$ cat upload_38.txt   # compact mmCIF, C-alpha atoms
# COMPACT_ATOMS: atom_id res chain seq x y z
CA MET C 224 0.00 0.00 0.00
CA ALA C 225 2.73 2.45 1.03
CA GLU C 226 4.61 1.55 -2.14
CA LEU C 227 1.71 2.82 -4.20
CA PHE C 228 2.34 6.32 -2.84
CA THR C 229 6.13 6.39 -2.79
CA SER C 230 7.65 4.33 -5.57
CA ALA C 231 4.95 4.60 -8.22
CA SER C 232 5.34 7.67 -10.36
CA LEU C 233 1.67 7.41 -11.32
CA PHE C 234 0.69 8.68 -7.88
CA ALA C 235 2.95 11.75 -8.23
CA ILE C 236 1.63 12.39 -11.73
CA VAL C 237 -2.04 12.07 -10.82
CA LEU C 238 -1.49 14.28 -7.76
CA THR C 239 0.28 16.97 -9.83
CA LEU C 240 -2.18 16.95 -12.74
CA GLY C 241 -5.16 16.85 -10.38
CA ALA C 242 -3.86 19.70 -8.23
CA TYR C 243 -3.10 21.80 -11.33
CA GLU C 244 -6.51 21.06 -12.85
CA PHE C 245 -8.14 22.08 -9.55
CA GLY C 246 -6.09 25.31 -9.69
CA ILE C 247 -7.42 26.05 -13.20
CA TRP C 248 -10.98 25.33 -12.04
CA LEU C 249 -10.57 27.59 -8.99
CA GLN C 250 -9.11 30.40 -11.11
CA LYS C 251 -12.11 30.26 -13.47
CA LYS C 252 -14.53 30.10 -10.53
CA LEU C 253 -13.07 32.96 -8.46
CA LYS C 254 -11.57 34.98 -11.33
CA SER C 255 -8.79 36.12 -8.99
CA PRO C 256 -5.19 36.30 -10.23
CA ILE C 257 -4.00 35.06 -6.81
CA CYS C 258 -5.62 31.72 -7.66
CA ASN C 259 -2.78 30.86 -9.99
CA PRO C 260 -2.83 27.17 -11.02
CA ILE C 261 0.92 26.73 -10.35
CA LEU C 262 0.64 28.28 -6.88
CA ILE C 263 -2.51 26.31 -5.96
CA ALA C 264 -0.97 23.07 -7.24
CA VAL C 265 2.28 23.61 -5.28
CA ILE C 266 0.34 24.28 -2.06
CA LEU C 267 -1.93 21.27 -2.57
CA VAL C 268 0.98 18.95 -3.42
CA ILE C 269 2.99 20.09 -0.36
CA ALA C 270 -0.10 19.58 1.83
CA ALA C 271 -0.77 16.14 0.35
CA ILE C 272 2.78 14.80 0.65
CA SER C 273 3.18 16.13 4.22
CA LEU C 274 -0.13 14.52 5.17
CA LEU C 275 0.83 11.18 3.60
CA LYS C 276 4.41 11.54 4.94
CA ILE C 277 5.93 11.13 1.45
CA PRO C 278 9.47 12.59 1.26
CA ALA C 279 9.61 15.51 -1.21
CA GLN C 280 12.44 13.86 -3.16
CA ASP C 281 10.33 10.73 -3.68
CA TYR C 282 7.53 12.89 -5.04
CA ARG C 283 9.90 14.72 -7.36
CA ALA C 284 11.48 11.46 -8.50
CA GLY C 285 7.95 10.32 -9.37
CA CYS C 286 7.43 13.45 -11.46
CA GLU C 287 10.69 12.87 -13.36
CA THR C 288 8.64 10.90 -15.91
CA PHE C 289 7.31 14.22 -17.23
CA SER C 290 9.49 16.93 -15.63
CA TRP C 291 12.07 16.46 -18.38
CA LEU C 292 9.53 17.89 -20.84
CA LEU C 293 10.48 21.35 -19.59
CA THR C 294 13.58 21.41 -21.83
CA PRO C 295 11.74 20.53 -25.09
CA ALA C 296 8.88 22.86 -24.04
CA THR C 297 11.36 25.74 -23.74
CA VAL C 298 12.83 24.78 -27.14
CA CYS C 299 9.30 25.06 -28.58
CA LEU C 300 9.21 28.77 -27.69
CA ALA C 301 11.11 29.12 -30.98
CA VAL C 302 7.81 28.53 -32.82
CA PRO C 303 5.92 31.69 -31.70
CA LEU C 304 9.23 33.53 -32.09
CA TYR C 305 9.41 32.41 -35.73
CA GLU C 306 5.75 33.24 -36.35
CA GLN C 307 6.21 36.79 -35.06
CA VAL C 308 9.68 37.35 -36.49
CA LYS C 309 8.65 40.33 -38.67
CA VAL C 310 7.17 42.28 -35.77
CA LEU C 311 10.12 41.32 -33.57
CA LYS C 312 12.70 42.47 -36.13
CA LYS C 313 10.91 45.77 -36.64
CA ASN C 314 10.86 46.47 -32.89
CA LEU C 315 14.18 44.87 -31.98
CA PRO C 316 15.92 48.03 -30.64
CA ALA C 317 13.04 48.83 -28.26
CA ILE C 318 12.91 45.21 -27.06
CA LEU C 319 16.68 44.99 -26.49
CA VAL C 320 16.87 48.32 -24.64
CA GLY C 321 13.90 47.30 -22.47
CA VAL C 322 15.46 43.93 -21.58
CA LEU C 323 18.86 45.53 -20.85
CA ALA C 324 17.24 48.15 -18.58
CA GLY C 325 15.28 45.44 -16.75
CA THR C 326 18.32 43.18 -16.32
CA LEU C 327 20.42 46.03 -14.91
CA VAL C 328 17.61 46.93 -12.49
CA SER C 329 17.29 43.27 -11.46
CA LEU C 330 20.98 42.86 -10.64
CA GLY C 331 21.31 46.29 -9.02
CA CYS C 332 18.17 45.94 -6.96
CA VAL C 333 19.08 42.46 -5.66
CA ALA C 334 22.66 43.56 -4.87
CA ILE C 335 21.55 46.70 -2.99
CA LEU C 336 18.78 44.97 -1.03
CA CYS C 337 21.05 42.06 -0.07
CA ARG C 338 23.60 44.56 1.28
CA VAL C 339 20.87 46.50 3.11
CA PHE C 340 19.69 43.29 4.79
CA ALA C 341 23.34 42.30 5.46
CA MET C 342 22.91 38.91 3.78
CA GLU C 343 25.79 36.50 3.35
CA ASP C 344 27.72 36.40 0.07
CA ALA C 345 26.43 32.89 -0.69
CA MET C 346 22.86 34.20 -0.41
CA LEU C 347 23.65 37.14 -2.72
CA ALA C 348 25.16 34.74 -5.26
CA SER C 349 22.05 32.55 -5.00
CA LEU C 350 19.66 35.50 -5.47
CA LEU C 351 21.41 37.46 -8.25
CA PRO C 352 20.23 35.26 -11.17
CA LYS C 353 16.65 35.16 -9.82
CA SER C 354 14.94 36.61 -12.91
CA ILE C 355 16.26 34.17 -15.53
CA THR C 356 15.35 30.66 -16.49
CA THR C 357 16.22 27.88 -14.00
CA ALA C 358 18.90 26.01 -15.93
CA MET C 359 20.88 29.21 -16.59
CA GLY C 360 20.31 30.62 -13.12
CA ILE C 361 21.66 27.48 -11.43
CA ALA C 362 24.80 27.53 -13.58
CA ILE C 363 25.49 31.17 -12.66
CA SER C 364 24.72 30.63 -8.97
CA GLU C 365 27.14 27.67 -8.81
CA GLN C 366 29.82 29.66 -10.60
CA LEU C 367 29.55 32.48 -8.02
CA GLY C 368 29.44 30.12 -5.03
CA GLY C 369 25.72 30.24 -4.34
CA VAL C 370 23.39 27.46 -3.24
CA PRO C 371 21.70 25.99 -6.36
CA ALA C 372 18.66 24.72 -4.40
CA VAL C 373 17.98 28.24 -3.07
CA THR C 374 18.42 29.67 -6.57
CA THR C 375 15.90 27.17 -7.97
CA ALA C 376 13.39 28.16 -5.30
CA VAL C 377 13.77 31.93 -5.74
CA ILE C 378 13.67 31.63 -9.54
CA ILE C 379 10.40 29.73 -9.41
CA ILE C 380 8.89 32.09 -6.81
CA THR C 381 9.94 35.04 -9.00
CA GLY C 382 8.29 33.36 -11.98
CA ILE C 383 5.07 32.71 -10.09
CA LEU C 384 5.08 36.33 -8.81
CA GLY C 385 5.37 37.66 -12.37
CA ASN C 386 2.78 35.16 -13.58
CA ILE C 387 0.30 36.23 -10.87
CA CYS C 388 0.92 40.02 -10.71
CA GLY C 389 1.87 40.68 -14.34
CA SER C 390 -1.56 41.56 -15.71
CA SER C 391 -2.43 43.80 -12.72
CA LEU C 392 0.98 45.53 -13.00
CA CYS C 393 0.37 46.19 -16.70
CA ALA C 394 -2.98 47.78 -15.83
CA ILE C 395 -1.61 49.90 -12.94
CA LEU C 396 1.48 51.07 -14.86
CA LYS C 397 -0.48 51.57 -18.10
CA ILE C 398 1.79 49.17 -20.01
CA ARG C 399 -0.71 48.61 -22.86
CA ASP C 400 1.50 47.76 -25.81
CA PRO C 401 1.66 43.96 -26.28
CA ILE C 402 5.38 44.19 -27.10
CA ALA C 403 6.14 46.14 -23.91
CA GLN C 404 4.04 43.65 -21.91
CA GLY C 405 5.99 40.76 -23.41
CA VAL C 406 9.33 42.36 -22.53
CA ALA C 407 8.15 42.92 -18.95
CA PHE C 408 6.96 39.31 -18.51
CA GLY C 409 10.03 37.72 -20.09
CA THR C 410 12.64 39.94 -18.41
CA ALA C 411 11.09 39.86 -14.93
CA SER C 412 9.80 36.31 -14.76
CA HIS C 413 11.40 34.08 -17.44
CA VAL C 414 9.58 30.95 -18.64
CA VAL C 415 6.90 30.94 -15.93
CA GLY C 416 5.94 34.53 -16.79
CA THR C 417 6.12 33.64 -20.49
CA SER C 418 3.52 30.91 -19.99
CA ARG C 419 1.16 33.69 -18.74
CA ALA C 420 2.23 36.07 -21.53
CA SER C 421 1.41 33.35 -24.12
CA GLU C 422 -2.14 33.27 -22.75
CA ILE C 423 -2.54 37.04 -23.34
CA SER C 424 -1.63 36.89 -27.04
CA GLU C 425 0.73 35.13 -29.44
CA LEU C 426 2.72 38.34 -29.91
CA THR C 427 3.08 38.95 -26.16
CA GLY C 428 4.25 35.34 -25.75
CA ALA C 429 6.74 35.63 -28.58
CA VAL C 430 8.24 38.88 -27.25
CA SER C 431 8.38 37.34 -23.78
CA SER C 432 10.26 34.30 -25.16
CA LEU C 433 12.78 36.51 -26.92
CA SER C 434 13.19 38.65 -23.80
CA LEU C 435 13.85 35.69 -21.52
CA VAL C 436 16.60 34.46 -23.83
CA VAL C 437 18.23 37.90 -24.07
CA ALA C 438 17.84 38.53 -20.32
CA GLY C 439 19.40 35.14 -19.59
CA ILE C 440 22.43 35.82 -21.77
CA LEU C 441 22.88 39.38 -20.42
CA THR C 442 22.64 38.10 -16.84
CA ALA C 443 25.19 35.37 -17.55
CA ILE C 444 27.61 38.04 -18.80
CA LEU C 445 26.90 40.76 -16.21
CA CYS C 446 26.50 38.63 -13.06
CA PRO C 447 30.15 37.58 -12.64
CA VAL C 448 31.31 41.14 -13.45
CA LEU C 449 28.98 42.72 -10.89
CA TYR C 450 29.74 40.07 -8.27
CA SER C 451 33.50 40.62 -8.51
CA VAL C 452 32.99 44.37 -7.99
CA LEU C 453 30.81 43.89 -4.88
CA MET W 1174 0.97 9.97 -37.09
CA LYS W 1175 1.68 13.69 -37.20
CA TYR W 1176 2.10 13.96 -33.43
CA VAL W 1177 4.81 11.30 -33.27
CA TYR W 1178 6.51 12.92 -36.25
CA GLN W 1179 6.40 16.40 -34.69
CA ALA W 1180 7.55 15.14 -31.30
CA THR W 1181 10.47 13.35 -32.97
CA ILE W 1182 11.66 16.59 -34.58
CA ILE W 1183 11.28 18.59 -31.36
CA PHE W 1184 13.06 16.01 -29.20
CA ALA W 1185 15.81 15.64 -31.81
CA VAL W 1186 16.44 19.41 -31.78
CA THR W 1187 16.43 19.30 -27.96
CA LEU W 1188 19.00 16.49 -28.12
CA LEU W 1189 21.19 18.63 -30.38
CA GLY W 1190 20.84 21.40 -27.79
CA GLU W 1191 22.01 18.99 -25.08
CA LEU W 1192 24.95 18.04 -27.28
CA LEU W 1193 26.01 21.68 -27.75
CA HIS W 1194 25.64 22.22 -24.00
CA VAL W 1195 28.07 19.37 -23.36
CA LEU W 1196 30.51 20.41 -26.08
CA LEU W 1197 30.66 24.19 -25.59
CA PRO W 1198 32.15 25.64 -22.38
CA LEU W 1199 29.48 28.35 -21.95
CA PRO W 1200 26.94 28.73 -19.11
CA ILE W 1201 24.11 28.41 -21.62
CA PRO W 1202 21.58 25.63 -20.94
CA ALA W 1203 20.55 23.03 -23.50
CA ALA W 1204 17.06 24.55 -23.73
CA ILE W 1205 18.39 27.88 -25.00
CA TYR W 1206 20.67 26.20 -27.56
CA GLY W 1207 17.69 24.13 -28.68
CA LEU W 1208 15.47 27.21 -28.91
CA VAL W 1209 17.99 29.02 -31.11
CA LEU W 1210 18.55 25.90 -33.26
CA LEU W 1211 14.82 25.37 -33.83
CA PHE W 1212 14.36 29.06 -34.64
CA LEU W 1213 17.20 28.96 -37.20
CA ALA W 1214 15.85 25.71 -38.68
CA LEU W 1215 12.42 27.34 -39.15
CA GLN W 1216 13.93 30.56 -40.46
CA PHE W 1217 16.01 28.73 -43.09
CA SER W 1218 13.10 26.37 -43.97
CA ILE W 1219 15.03 23.27 -42.83
CA VAL W 1220 12.01 22.55 -40.63
CA LYS W 1221 8.55 23.69 -41.77
CA LEU W 1222 6.15 25.30 -39.33
CA GLU W 1223 3.52 22.57 -39.83
CA GLN W 1224 6.15 19.93 -38.96
CA VAL W 1225 6.34 21.15 -35.34
CA ASN W 1226 3.36 23.47 -34.79
CA ALA W 1227 0.76 21.26 -33.05
CA VAL W 1228 3.09 19.58 -30.55
CA SER W 1229 4.89 22.90 -29.87
CA LYS W 1230 1.65 24.66 -29.04
CA PHE W 1231 0.69 21.78 -26.74
CA LEU W 1232 4.02 21.82 -24.87
CA ILE W 1233 3.90 25.62 -24.48
CA ALA W 1234 0.33 25.39 -23.15
CA VAL W 1235 1.28 22.86 -20.43
CA MET W 1236 4.55 24.58 -19.46
CA GLY W 1237 3.13 25.97 -16.20
CA LEU W 1238 2.33 22.44 -15.07
CA LEU W 1239 5.97 21.41 -15.48
CA PHE W 1240 7.05 23.90 -12.80
CA VAL W 1241 4.95 22.36 -10.02
CA ALA W 1242 7.36 19.52 -9.17
CA PRO W 1243 10.54 21.69 -9.03
CA ALA W 1244 8.68 24.28 -6.93
CA VAL W 1245 7.81 21.64 -4.32
CA ASN W 1246 11.60 21.55 -3.77
CA ILE W 1247 11.07 24.52 -1.43
CA VAL W 1248 10.07 22.03 1.29
CA GLU W 1249 13.57 20.52 1.17
CA ILE W 1250 15.47 23.81 1.57
CA TRP W 1251 12.99 25.30 4.04
CA LYS W 1252 15.53 25.04 6.90
CA ASP W 1253 18.11 27.10 4.96
CA ILE W 1254 15.79 29.93 4.04
CA ALA W 1255 13.49 30.07 7.09
CA PRO W 1256 15.78 32.42 9.11
CA VAL W 1257 16.04 34.92 6.22
CA LEU W 1258 12.54 34.43 4.90
CA LEU W 1259 11.39 38.03 5.35
CA PRO W 1260 14.39 39.74 3.70
CA ILE W 1261 14.30 37.21 0.83
CA GLY W 1262 10.59 37.87 0.40
CA VAL W 1263 11.22 41.63 0.26
CA VAL W 1264 14.06 41.19 -2.26
CA LEU W 1265 11.91 38.96 -4.47
CA VAL W 1266 8.77 41.11 -4.46
CA VAL W 1267 10.52 44.50 -4.76
CA SER W 1268 12.94 43.43 -7.49
CA THR W 1269 10.34 41.52 -9.53
CA VAL W 1270 7.91 44.48 -9.51
CA LEU W 1271 10.71 46.95 -10.32
CA VAL W 1272 12.12 44.85 -13.17
CA PHE W 1273 8.65 44.32 -14.60
CA ALA W 1274 7.89 48.06 -14.41
CA VAL W 1275 11.22 49.30 -15.77
CA SER W 1276 11.53 46.82 -18.65
CA GLY W 1277 7.88 47.31 -19.68
CA LEU W 1278 7.87 51.09 -19.41
CA VAL W 1279 11.26 51.58 -21.09
CA THR W 1280 10.14 49.38 -24.02
CA GLN W 1281 6.84 51.24 -24.31
CA TRP W 1282 8.67 54.59 -24.24
CA MET W 1283 11.11 53.40 -26.92
CA LEU W 1284 8.23 52.18 -29.10
CA LYS W 1285 6.36 55.48 -28.81
CA ARG W 1286 9.52 57.45 -29.61
CA GLY W 1287 10.20 55.19 -32.62
CA GLY W 1288 6.61 55.69 -33.78
CA LYS W 1289 7.07 59.47 -33.75
CA ASP W 1290 10.29 59.22 -35.76
CA ASN W 1291 8.53 57.15 -38.40
CA GLY W 1292 5.53 59.47 -38.56
$ encode --input "upload_38.txt" --output "structure tokens"
Amino acid sequence: MAELFTSASLFAIVLTLGAYEFGIWLQKKLKSPICNPILIAVILVIAAISLLKIPAQDYRAGCETFSWLLTPATVCLAVPLYEQVKVLKKNLPAILVGVLAGTLVSLGCVAILCRVFAMEDAMLASLLPKSITTAMGIAISEQLGGVPAVTTAVIIITGILGNICGSSLCAILKIRDPIAQGVAFGTASHVVGTSRASEISELTGAVSSLSLVVAGILTAILCPVLYSVL
Amino acid sequence: MKYVYQATIIFAVTLLGELLHVLLPLPIPAAIYGLVLLFLALQFSIVKLEQVNAVSKFLIAVMGLLFVAPAVNIVEIWKDIAPVLLPIGVVLVVSTVLVFAVSGLVTQWMLKRGGKDNG
């Protein structure tokens, strides 16, 4: 009986899909951006595995059967990029300047706040690449002497934050242009924000995909430079 | 079977991305190499849009779901971050909102300025 919950990946998969589906249902029902399917699913899964006393690594090992799809899914962002290539080319300078400004603000803001809160260097190194996609962020964090597990967590929380607050922020700040919205989602909240941007429109999703790639590369270049200065 | 066919192309490009990641000494993940490769393949008509479109759209649509399992990881590092939870929370919220605002507003400003130049 216990084996059914721990060793079988089907349990982890059903739990994850079910929790996510419930999150989608709740979001439709309550129409609140706080009811984000990713957030709801994470809370439900943590509650379920603590209740059933399943170690988190067993759960994650169970999900491995489909977690690996994240890499090909990210590769697929090339498709909306290709479809929107004319609009992207035409607006490339604006997009690049926007991403560069956002990346500089991200690094500067994290560095200043970490100093203000007198955090350890390892924590600063773990937090600096927080706005870029997980695989890149972990590589940078390791290179600077950060803790990869902390980096993974803050990257995903950042993504969920952007995913949840993005649309409200666009309304408050009067960011109405779909290209500007895409740059904001992609630069601030990488792939998780891009999954929200893709729901807004194909163009927003495409710009967000391009922005996350550019932001990732800029961060990879600027992070070590900034960290050596600090 | 168009789905099997499309999935084969996408996974093959991903595999090439993994290969580049292993071969090249850059901190660029396989997914980004793969993304660039697939984009170039589409751009130069090596791969046609209809050869990857349906499966791509499906994978993009379910991407949010794929983040649930890694996010549950937070339980495992809870002990490390619990003492600095509040400052980390402040850093995350403040910087995410600021980055979102600055990148979005700067882009919008650039676009408007460009529009004026053209008109």
$ residues_around --input "upload_38.txt" --residues "W:Ile1247" --least-positions-apart "5" --cutoff "12 Å" --atoms "all atoms listed in the file" --output "MDAnalysis selection string"
(chainID C and resid 265:266 268:269 279:280 283 371:380) or (chainID W and resid 1241:1242 1252:1255 1258)
$ interface_residues --input "upload_38.txt" --of "chain C" --to "chain W" --cutoff "7 Å" --atoms "all atoms listed in the file" --output "mmCIF file with C-alpha atoms, keeping the file's coordinate frame"
data_model
loop_
_atom_site.group_PDB
_atom_site.id
_atom_site.type_symbol
_atom_site.label_atom_id
_atom_site.label_comp_id
_atom_site.auth_asym_id
_atom_site.auth_seq_id
_atom_site.Cartn_x
_atom_site.Cartn_y
_atom_site.Cartn_z
ATOM 1 C CA TYR C 243 -3.100 21.800 -11.330
ATOM 2 C CA ILE C 261 0.920 26.730 -10.350
ATOM 3 C CA ALA C 264 -0.970 23.070 -7.240
ATOM 4 C CA VAL C 265 2.280 23.610 -5.280
ATOM 5 C CA ILE C 269 2.990 20.090 -0.360
ATOM 6 C CA ALA C 279 9.610 15.510 -1.210
ATOM 7 C CA ARG C 283 9.900 14.720 -7.360
ATOM 8 C CA CYS C 286 7.430 13.450 -11.460
ATOM 9 C CA SER C 290 9.490 16.930 -15.630
ATOM 10 C CA LEU C 293 10.480 21.350 -19.590
ATOM 11 C CA THR C 294 13.580 21.410 -21.830
ATOM 12 C CA PRO C 295 11.740 20.530 -25.090
ATOM 13 C CA ALA C 296 8.880 22.860 -24.040
ATOM 14 C CA THR C 297 11.360 25.740 -23.740
ATOM 15 C CA VAL C 298 12.830 24.780 -27.140
ATOM 16 C CA CYS C 299 9.300 25.060 -28.580
ATOM 17 C CA LEU C 300 9.210 28.770 -27.690
ATOM 18 C CA ALA C 301 11.110 29.120 -30.980
ATOM 19 C CA VAL C 302 7.810 28.530 -32.820
ATOM 20 C CA TYR C 305 9.410 32.410 -35.730
ATOM 21 C CA ALA C 317 13.040 48.830 -28.260
ATOM 22 C CA ILE C 318 12.910 45.210 -27.060
ATOM 23 C CA VAL C 320 16.870 48.320 -24.640
ATOM 24 C CA GLY C 321 13.900 47.300 -22.470
ATOM 25 C CA VAL C 322 15.460 43.930 -21.580
ATOM 26 C CA ALA C 324 17.240 48.150 -18.580
ATOM 27 C CA GLY C 325 15.280 45.440 -16.750
ATOM 28 C CA VAL C 328 17.610 46.930 -12.490
ATOM 29 C CA SER C 329 17.290 43.270 -11.460
ATOM 30 C CA CYS C 332 18.170 45.940 -6.960
ATOM 31 C CA VAL C 333 19.080 42.460 -5.660
ATOM 32 C CA LEU C 336 18.780 44.970 -1.030
ATOM 33 C CA PHE C 340 19.690 43.290 4.790
ATOM 34 C CA ALA C 358 18.900 26.010 -15.930
ATOM 35 C CA MET C 359 20.880 29.210 -16.590
ATOM 36 C CA ALA C 362 24.800 27.530 -13.580
ATOM 37 C CA ALA C 372 18.660 24.720 -4.400
ATOM 38 C CA VAL C 373 17.980 28.240 -3.070
ATOM 39 C CA ALA C 376 13.390 28.160 -5.300
ATOM 40 C CA ILE C 379 10.400 29.730 -9.410
ATOM 41 C CA THR C 381 9.940 35.040 -9.000
ATOM 42 C CA GLY C 385 5.370 37.660 -12.370
ATOM 43 C CA ILE C 398 1.790 49.170 -20.010
ATOM 44 C CA ASP C 400 1.500 47.760 -25.810
ATOM 45 C CA ALA C 403 6.140 46.140 -23.910
ATOM 46 C CA GLN C 404 4.040 43.650 -21.910
ATOM 47 C CA VAL C 406 9.330 42.360 -22.530
ATOM 48 C CA ALA C 407 8.150 42.920 -18.950
ATOM 49 C CA PHE C 408 6.960 39.310 -18.510
ATOM 50 C CA THR C 410 12.640 39.940 -18.410
ATOM 51 C CA ALA C 411 11.090 39.860 -14.930
ATOM 52 C CA VAL C 415 6.900 30.940 -15.930
ATOM 53 C CA SER C 418 3.520 30.910 -19.990
ATOM 54 C CA VAL C 436 16.600 34.460 -23.830
#
$ atom_distance --input "upload_38.txt" --atom1 "atom CA of C:Leu233" --atom2 "atom CA of C:Leu267"
16.8 Å
$ closest_residue --input "upload_38.txt" --among "C:Cys388, C:Phe234, C:Pro303, C:Leu253" --to "C:Ile272" --atoms "only C-alpha atoms"
C:Phe234
$ atom_distance --input "upload_38.txt" --atom1 "atom CA of C:Pro260" --atom2 "atom CA of C:Leu435"
21.5 Å
$ atom_distance --input "upload_38.txt" --atom1 "atom CA of C:Cys258" --atom2 "atom CA of C:Gly409"
20.9 Å
$ residues_near_point --input "upload_38.txt" --point "(24.0, 39.3, -21.0)" --cutoff "12 Å" --atoms "all atoms listed in the file" --output "PyMOL selection string"
(chain C and resi 319+322-327+330+352+355+359+363+410+434-449) or (chain W and resi 1200-1201)
$ residues_around --input "upload_38.txt" --residues "W:Ala1227" --least-positions-apart "5" --cutoff "9 Å" --atoms "all atoms listed in the file" --output "list in words"
Lys1175, Tyr1176, Gln1179 and Leu1232 of chain W
$ closest_residue --input "upload_38.txt" --among "C:Gly389, C:Tyr450, C:Leu292, C:Val430" --to "C:Asp344" --atoms "all atoms listed in the file"
C:Tyr450
$ residues_around --input "upload_38.txt" --residues "C:Leu347" --least-positions-apart "4" --cutoff "7 Å" --atoms "all atoms listed in the file" --output "PyMOL selection string"
chain C and resi 334+337+342-343+351
$ write_last_selection --input "upload_38.txt" --atoms "C-alpha atoms" --output "short mmCIF file (atom, residue, chain, number, x, y, z; two decimals), in the frame of the given file"
data_model
loop_
_atom_site.label_atom_id
_atom_site.label_comp_id
_atom_site.auth_asym_id
_atom_site.auth_seq_id
_atom_site.Cartn_x
_atom_site.Cartn_y
_atom_site.Cartn_z
CA ALA C 334 22.66 43.56 -4.87
CA CYS C 337 21.05 42.06 -0.07
CA MET C 342 22.91 38.91 3.78
CA GLU C 343 25.79 36.50 3.35
CA LEU C 351 21.41 37.46 -8.25
#
$ closest_residue --input "upload_38.txt" --among "C:Leu304, C:Ala341, C:Leu350, C:Ile247" --to "C:Gly405" --atoms "all atoms listed in the file"
C:Leu304
$ decode --input "upload_38.txt" --residues "stretch 433-445 of chain C" --atoms "N, CA, C and O atoms" --output "compact mmCIF listing (two decimals), in the first residue's frame"
# COMPACT_ATOMS: atom_id res chain seq x y z
N LEU C 433 11.55 35.87 -26.48
CA LEU C 433 12.78 36.51 -26.92
C LEU C 433 13.46 37.21 -25.74
O LEU C 433 14.67 37.10 -25.53
N SER C 434 12.64 37.90 -24.93
CA SER C 434 13.19 38.65 -23.80
C SER C 434 13.86 37.74 -22.78
O SER C 434 14.89 38.09 -22.21
N LEU C 435 13.25 36.57 -22.54
CA LEU C 435 13.85 35.69 -21.52
C LEU C 435 15.20 35.16 -21.99
O LEU C 435 16.12 35.00 -21.18
N VAL C 436 15.32 34.93 -23.30
CA VAL C 436 16.60 34.46 -23.83
C VAL C 436 17.65 35.56 -23.69
O VAL C 436 18.76 35.34 -23.18
N VAL C 437 17.28 36.78 -24.13
CA VAL C 437 18.23 37.90 -24.07
C VAL C 437 18.59 38.21 -22.61
O VAL C 437 19.77 38.38 -22.27
N ALA C 438 17.58 38.24 -21.73
CA ALA C 438 17.84 38.53 -20.32
C ALA C 438 18.76 37.48 -19.71
O ALA C 438 19.66 37.80 -18.93
N GLY C 439 18.56 36.22 -20.10
CA GLY C 439 19.40 35.14 -19.59
C GLY C 439 20.85 35.33 -20.00
O GLY C 439 21.77 35.22 -19.17
N ILE C 440 21.07 35.65 -21.27
CA ILE C 440 22.43 35.82 -21.77
C ILE C 440 23.10 37.04 -21.13
O ILE C 440 24.23 36.98 -20.66
N LEU C 441 22.33 38.17 -21.04
CA LEU C 441 22.88 39.38 -20.42
C LEU C 441 23.25 39.12 -18.96
O LEU C 441 24.30 39.54 -18.47
N THR C 442 22.38 38.40 -18.25
CA THR C 442 22.64 38.10 -16.84
C THR C 442 23.89 37.23 -16.70
O THR C 442 24.71 37.46 -15.81
N ALA C 443 24.02 36.25 -17.60
CA ALA C 443 25.19 35.37 -17.55
C ALA C 443 26.48 36.17 -17.73
O ALA C 443 27.51 35.85 -17.13
N ILE C 444 26.41 37.22 -18.57
CA ILE C 444 27.61 38.04 -18.80
C ILE C 444 27.84 39.01 -17.64
O ILE C 444 28.96 39.16 -17.14
N LEU C 445 26.75 39.68 -17.19
CA LEU C 445 26.90 40.76 -16.21
C LEU C 445 27.07 40.28 -14.77
O LEU C 445 27.72 40.93 -13.97
